[in-house]
Amino acid sequence: MYIGEKVRLREYRKEDVPQALAYVNDPEVKRLLNPGIPYPLTLSDEEKWVAEQSASSQTYSFAIETLADGKYIGGCGVNSIDWKNSAVEVGIFIGDKSFWNQGYGTDAMRVLLRFIFEQMNINKVKLNVFSFNQRALRMYQKCGFKEEGRLRQELFRDGEYHDIILMGLLREEYQNT
Ligand SMILES: CC(C)(COP(=O)(O)OP(=O)(O)OC[C@H]1O[C@@H](n2cnc3c(N)ncnc32)[C@H](O)[C@@H]1OP(=O)(O)O)[C@@H](O)C(=O)NCCC(=O)NCCS
């Protein structure tokens, strides 16, 4: 539906559920996504989540598929919306690790940003990222995000504390890129 150079963002479908579950339960992906205790989701958790993603929900989630062959490789979306202050929080993952480092994440984020600024009419996009997630940090910088702050030792993961970095992108910065 929303198309970039390498990916298309489309609605989630029932048939995505088994692959989505495998992606989010992959320990390498999971450790980068959620600050909570890493613990596998169940099939019914994932079925429920996919069923809830509809135009009537308060968020906008997209499945990411490759333009080349329509392969479902991950997801991204708007996780929370503050209409009064015109700001949203976003998230993204490429679950198929064979697609990492080839520009798919950058392209998907650029398509999502276009959706947010040009369709939702939002002024600011925010996200947070774990300090050890260098790939994601680089990808966000490429998309124009700037570091706005650092929550020191906010995350306990793999036996030690890590910072969480807050990043933001303003409409005026997006328009100037
Ligand atoms: C983060 C993620 C969405 C990025 O997508 P991607 O398709 O792999 O990223 P891209 O290829 O578009 O860009 C990655 C950039 O990081 C760079 N990079 C990769 N590993 C790096 C490292 N260890 N240090 C610094 N830069 C690194 C790549 O070289 C590339 O930059 P370049 O184009 O200038 O060479 C994807 O890797 C992913 O889903 N990871 C797991 C989940 C996750 O971390 N989600 C984000 C949570 S905040």
# chains A, B, ... in the order shown; residues from 1 in each chain; ligands from 1

call {"tool": "residues_near_ligand", "arguments": {"ligand": "ligand 1", "cutoff": "7 Å", "atoms": "only C-alpha atoms and all ligand atoms", "output": "JSON, numbers by chain"}}
result
{"A": [29, 32, 33, 91, 92, 93, 94, 95, 99, 100, 101, 102, 103, 104, 105, 106, 107, 128, 129, 130, 133, 134, 135, 136, 138, 139]}

call {"tool": "residues_around", "arguments": {"residues": "Tyr72 of chain A", "least_positions_apart": "5", "cutoff": "9 Å", "atoms": "only C-alpha atoms", "output": "JSON, numbers by chain"}}
result
{"A": [16, 19, 20, 63, 64, 65, 66, 95, 96]}

call {"tool": "residues_around", "arguments": {"residues": "Ala108 of chain A", "least_positions_apart": "3", "cutoff": "9 Å", "atoms": "only C-alpha atoms", "output": "ChimeraX atom specification"}}
result
/A:3-9,64,75-76,92,103-105,111-113

call {"tool": "residues_around", "arguments": {"residues": "Glu47 of chain A", "least_positions_apart": "6", "cutoff": "10 Å", "atoms": "only C-alpha atoms", "output": "ChimeraX atom specification"}}
result
/A:13-18,20-21

call {"tool": "residues_around", "arguments": {"residues": "Leu170 of chain A", "least_positions_apart": "4", "cutoff": "10 Å", "atoms": "only C-alpha atoms", "output": "list in words"}}
result
Ala87, Phe117, Ile122, Asn123, Lys124, Val125, Lys126, Gly144, Phe145, Lys146, Tyr174 and Gln175 of chain A

call {"tool": "select_by_dssp", "arguments": {"residues": "segment 118-174 of chain A", "states": "helix (DSSP H, G or I)", "output": "list in words"}}
result
Glu118, Gln119, Met120, Gln134, Arg135, Ala136, Leu137, Arg138, Met139, Tyr140, Gln141, Lys142, Arg171, Glu172, Glu173 and Tyr174 of chain A

call {"tool": "write_last_selection", "arguments": {"atoms": "N, CA and C atoms", "output": "mmCIF file, in the first residue's frame"}}
result
data_model
loop_
_atom_site.group_PDB
_atom_site.id
_atom_site.type_symbol
_atom_site.label_atom_id
_atom_site.label_comp_id
_atom_site.auth_asym_id
_atom_site.auth_seq_id
_atom_site.Cartn_x
_atom_site.Cartn_y
_atom_site.Cartn_z
ATOM 1 N N GLU A 118 2.884 12.981 6.059
ATOM 2 C CA GLU A 118 2.051 13.408 4.922
ATOM 3 C C GLU A 118 0.605 12.936 5.007
ATOM 4 N N GLN A 119 0.352 11.886 5.791
ATOM 5 C CA GLN A 119 -1.033 11.420 5.927
ATOM 6 C C GLN A 119 -1.612 11.732 7.312
ATOM 7 N N MET A 120 -0.804 11.538 8.364
ATOM 8 C CA MET A 120 -1.329 11.765 9.711
ATOM 9 C C MET A 120 -1.241 13.239 10.125
ATOM 10 N N GLN A 134 23.795 -0.675 17.723
ATOM 11 C CA GLN A 134 24.479 0.245 16.801
ATOM 12 C C GLN A 134 23.837 0.257 15.409
ATOM 13 N N ARG A 135 23.346 -0.882 14.987
ATOM 14 C CA ARG A 135 22.732 -0.949 13.652
ATOM 15 C C ARG A 135 21.489 -0.053 13.598
ATOM 16 N N ALA A 136 20.658 -0.168 14.625
ATOM 17 C CA ALA A 136 19.437 0.641 14.656
ATOM 18 C C ALA A 136 19.788 2.130 14.782
ATOM 19 N N LEU A 137 20.763 2.444 15.635
ATOM 20 C CA LEU A 137 21.164 3.851 15.800
ATOM 21 C C LEU A 137 21.584 4.453 14.468
ATOM 22 N N ARG A 138 22.396 3.711 13.755
ATOM 23 C CA ARG A 138 22.880 4.192 12.447
ATOM 24 C C ARG A 138 21.704 4.373 11.472
ATOM 25 N N MET A 139 20.805 3.400 11.472
ATOM 26 C CA MET A 139 19.651 3.473 10.562
ATOM 27 C C MET A 139 18.788 4.701 10.888
ATOM 28 N N TYR A 140 18.553 4.952 12.178
ATOM 29 C CA TYR A 140 17.733 6.110 12.555
ATOM 30 C C TYR A 140 18.427 7.414 12.164
ATOM 31 N N GLN A 141 19.751 7.469 12.357
ATOM 32 C CA GLN A 141 20.489 8.681 11.957
ATOM 33 C C GLN A 141 20.358 8.909 10.453
ATOM 34 N N LYS A 142 20.446 7.810 9.698
ATOM 35 C CA LYS A 142 20.313 7.948 8.240
ATOM 36 C C LYS A 142 18.942 8.523 7.862
ATOM 37 N N ARG A 171 9.073 17.678 12.038
ATOM 38 C CA ARG A 171 8.558 17.880 10.666
ATOM 39 C C ARG A 171 9.480 18.794 9.866
ATOM 40 N N GLU A 172 9.946 19.903 10.487
ATOM 41 C CA GLU A 172 10.768 20.867 9.731
ATOM 42 C C GLU A 172 12.088 20.234 9.281
ATOM 43 N N GLU A 173 12.610 19.308 10.113
ATOM 44 C CA GLU A 173 13.857 18.625 9.732
ATOM 45 C C GLU A 173 13.583 17.642 8.592
ATOM 46 N N TYR A 174 12.439 16.957 8.699
ATOM 47 C CA TYR A 174 12.057 15.997 7.659
ATOM 48 C C TYR A 174 11.906 16.709 6.320
#

call {"tool": "atom_distance", "arguments": {"atom1": "atom CA of Met1 of chain A", "atom2": "atom CA of Thr59 of chain A"}}
result
16.9 Å

call {"tool": "closest_residue", "arguments": {"among": "A:Tyr12, A:Tyr23, A:Tyr39, A:Phe115", "to": "Gln53 of chain A", "atoms": "only C-alpha atoms"}}
result
A:Tyr12

call {"tool": "select_by_dssp", "arguments": {"residues": "segment 9-166 of chain A", "states": "strand (DSSP E or B)", "output": "PyMOL selection string"}}
result
chain A and resi 9-10+60-66+72-82+87-94+124-130+146-157+160-166

call {"tool": "residues_around", "arguments": {"residues": "segment 151-160 of chain A", "least_positions_apart": "4", "cutoff": "7 Å", "atoms": "only C-alpha atoms", "output": "list of chain:residue names"}}
result
A:Pro35, A:Ile164, A:Ile165

call {"tool": "write_last_selection", "arguments": {"atoms": "N, CA and C atoms", "output": "mmCIF file, in the first residue's frame"}}
result
data_model
loop_
_atom_site.group_PDB
_atom_site.id
_atom_site.type_symbol
_atom_site.label_atom_id
_atom_site.label_comp_id
_atom_site.auth_asym_id
_atom_site.auth_seq_id
_atom_site.Cartn_x
_atom_site.Cartn_y
_atom_site.Cartn_z
ATOM 1 N N PRO A 35 12.141 -3.692 26.538
ATOM 2 C CA PRO A 35 12.944 -3.603 27.765
ATOM 3 C C PRO A 35 12.539 -4.605 28.860
ATOM 4 N N ILE A 164 19.380 3.821 27.628
ATOM 5 C CA ILE A 164 18.390 3.891 26.539
ATOM 6 C C ILE A 164 18.470 5.295 25.943
ATOM 7 N N ILE A 165 18.603 5.353 24.632
ATOM 8 C CA ILE A 165 18.771 6.634 23.936
ATOM 9 C C ILE A 165 17.431 7.073 23.356
#

call {"tool": "decode", "arguments": {"residues": "segment 111-124 of chain A", "atoms": "N, CA and C atoms", "output": "short mmCIF file (atom, residue, chain, number, x, y, z; two decimals), in the first residue's frame"}}
result
data_model
loop_
_atom_site.label_atom_id
_atom_site.label_comp_id
_atom_site.auth_asym_id
_atom_site.auth_seq_id
_atom_site.Cartn_x
_atom_site.Cartn_y
_atom_site.Cartn_z
N VAL A 111 9.44 5.15 4.48
CA VAL A 111 8.03 5.04 4.03
C VAL A 111 7.10 5.35 5.20
N LEU A 112 7.44 4.83 6.38
CA LEU A 112 6.61 5.09 7.57
C LEU A 112 6.60 6.59 7.90
N LEU A 113 7.76 7.24 7.79
CA LEU A 113 7.84 8.68 8.08
C LEU A 113 6.97 9.47 7.09
N ARG A 114 6.99 9.04 5.84
CA ARG A 114 6.15 9.72 4.84
C ARG A 114 4.67 9.58 5.22
N PHE A 115 4.29 8.39 5.65
CA PHE A 115 2.91 8.16 6.10
C PHE A 115 2.57 9.09 7.27
N ILE A 116 3.49 9.18 8.23
CA ILE A 116 3.23 9.96 9.44
C ILE A 116 3.12 11.46 9.14
N PHE A 117 4.09 11.98 8.36
CA PHE A 117 4.09 13.42 8.12
C PHE A 117 3.07 13.82 7.04
N GLU A 118 2.88 12.98 6.06
CA GLU A 118 2.05 13.41 4.92
C GLU A 118 0.60 12.94 5.01
N GLN A 119 0.35 11.89 5.79
CA GLN A 119 -1.03 11.42 5.93
C GLN A 119 -1.61 11.73 7.31
N MET A 120 -0.80 11.54 8.36
CA MET A 120 -1.33 11.76 9.71
C MET A 120 -1.24 13.24 10.12
N ASN A 121 -0.38 14.02 9.46
CA ASN A 121 -0.16 15.43 9.81
C ASN A 121 0.36 15.57 11.25
N ILE A 122 1.52 14.97 11.45
CA ILE A 122 2.15 14.95 12.78
C ILE A 122 3.39 15.84 12.74
N ASN A 123 3.73 16.44 13.89
CA ASN A 123 4.87 17.37 13.95
C ASN A 123 6.17 16.72 14.41
N LYS A 124 6.06 15.64 15.22
CA LYS A 124 7.29 15.07 15.78
C LYS A 124 7.18 13.55 15.88
#
